There are 2 protein chains.
Amino acid sequence: MSGSEMKKKEAELCQHTCDHPDVVEEVRKAMPGEQLQQDVAQLFKVLGDHTRIRILNALYRSELCVCDLTSILGMNQSAVSHQLRVLRDARIVRSRKKGKNVLYSLDDSHISDLIRLGFEHVQH
Amino acid sequence: MSGSEMKKKEAELCQHTCDHPDVVEEVRKAMPGEQLQQDVAQLFKVLGDHTRIRILNALYRSELCVCDLTSILGMNQSAVSHQLRVLRDARIVRSRKKGKNVLYSLDDSHISDLIRLGFEHVQH
DNA sequence: TTATCATATGAGTGGCTGTTCATATGTCGG
DNA sequence: CCGACATATGAACAGCCACTCATATGATAA
């Protein structure tokens, strides 16, 4: 309660709180939980990679095996597998075995919506 | 055209293309341009950070100055400024001066939609 | 079984990125 | 002018991450 502990931090509060201290308090209370925000950030982080976006764009059209993706992306099979693991861990794609191959597809339709919205935004 | 240049790469094409070589070709042609995909990945990458998500959640409720954000997030003013720069460069937030302060707000309503969709997805 | 193809994975590495620290710029009040 | 406050920015550093290489697992065919 004493003002001393406030002074430890350099300047966490601006003096006049921009003339609206109540708004700041409102915003603070309305903030989503930390875990939830962390999860959302994690989701966007997984989507925020060139290779993974290309993989998702390919899978958006058709279920594909790893070597198909390797061919379409023109990159290392190992690199593709590593990124597929990231996408699988994030529950963005799912896989099923078919003989020697493993077929990948989008796990959730919500993800397509997210990506589509992302493209719309970038294209103005 | 000669097959020699294909052989340089170890195994870019699986032998049977998973029994659907035509589909692979279709997908390849339907892929969005590289630059576009890079831009989308960049957009998601900017959204894919805990601190930046928290900033956007705060700005979603109200226009705020840097010290307000510093207070709400409970972190270094410098760190907040650095992240605001990232968001500004990505045209996700915009700023305007008011006296000594700089007020930040969301630049585009599409961004709110994207974030909302992200939260919906995470919350099942 | 052995050989080959398809995929997964661990280790190592270079590059990127978020934070801190120090400092610079800019604005207002006195 | 000066001091105090608000914000921006550059440098340095630590942690993370995507790729490569080598190798392991698994499945099919002969």
# chains A, B, ... in the order shown; residues from 1 in each chain; ligands from 1
>>> residues_around(residues="segment 30-37 of chain B", least_positions_apart="2", cutoff="8 Å", atoms="only C-alpha atoms (C1' of nucleotides)", output="JSON, numbers by chain")
{"A": [50, 53, 54, 57, 58, 119, 122, 123], "B": [26, 27, 28, 39, 40, 41]}
>>> interface_residues(of="chain C", to="chain B", cutoff="12 Å", atoms="only C-alpha atoms (C1' of nucleotides)", output="VMD selection string")
chain C and resid 4 to 7 17 to 23 25 to 29
>>> select_by_dssp(residues="segment 17-121 of chain B", states="strand (DSSP E)", output="count of residues only")
14
>>> residues_around(residues="Leu114 of chain A", least_positions_apart="5", cutoff="9 Å", atoms="only C-alpha atoms (C1' of nucleotides)", output="ChimeraX atom specification")
/A:109,119 /B:114,117-118
>>> closest_residue(among="D:DC21, D:DA27, D:DA14, D:DA6", to="chain B", atoms="only C-alpha atoms (C1' of nucleotides)")
D:DA6
>>> closest_residue(among="A:Ser81, A:Ser71, A:Ser105, A:Ser112", to="DA18 of chain D", atoms="only C-alpha atoms (C1' of nucleotides)")
A:Ser81
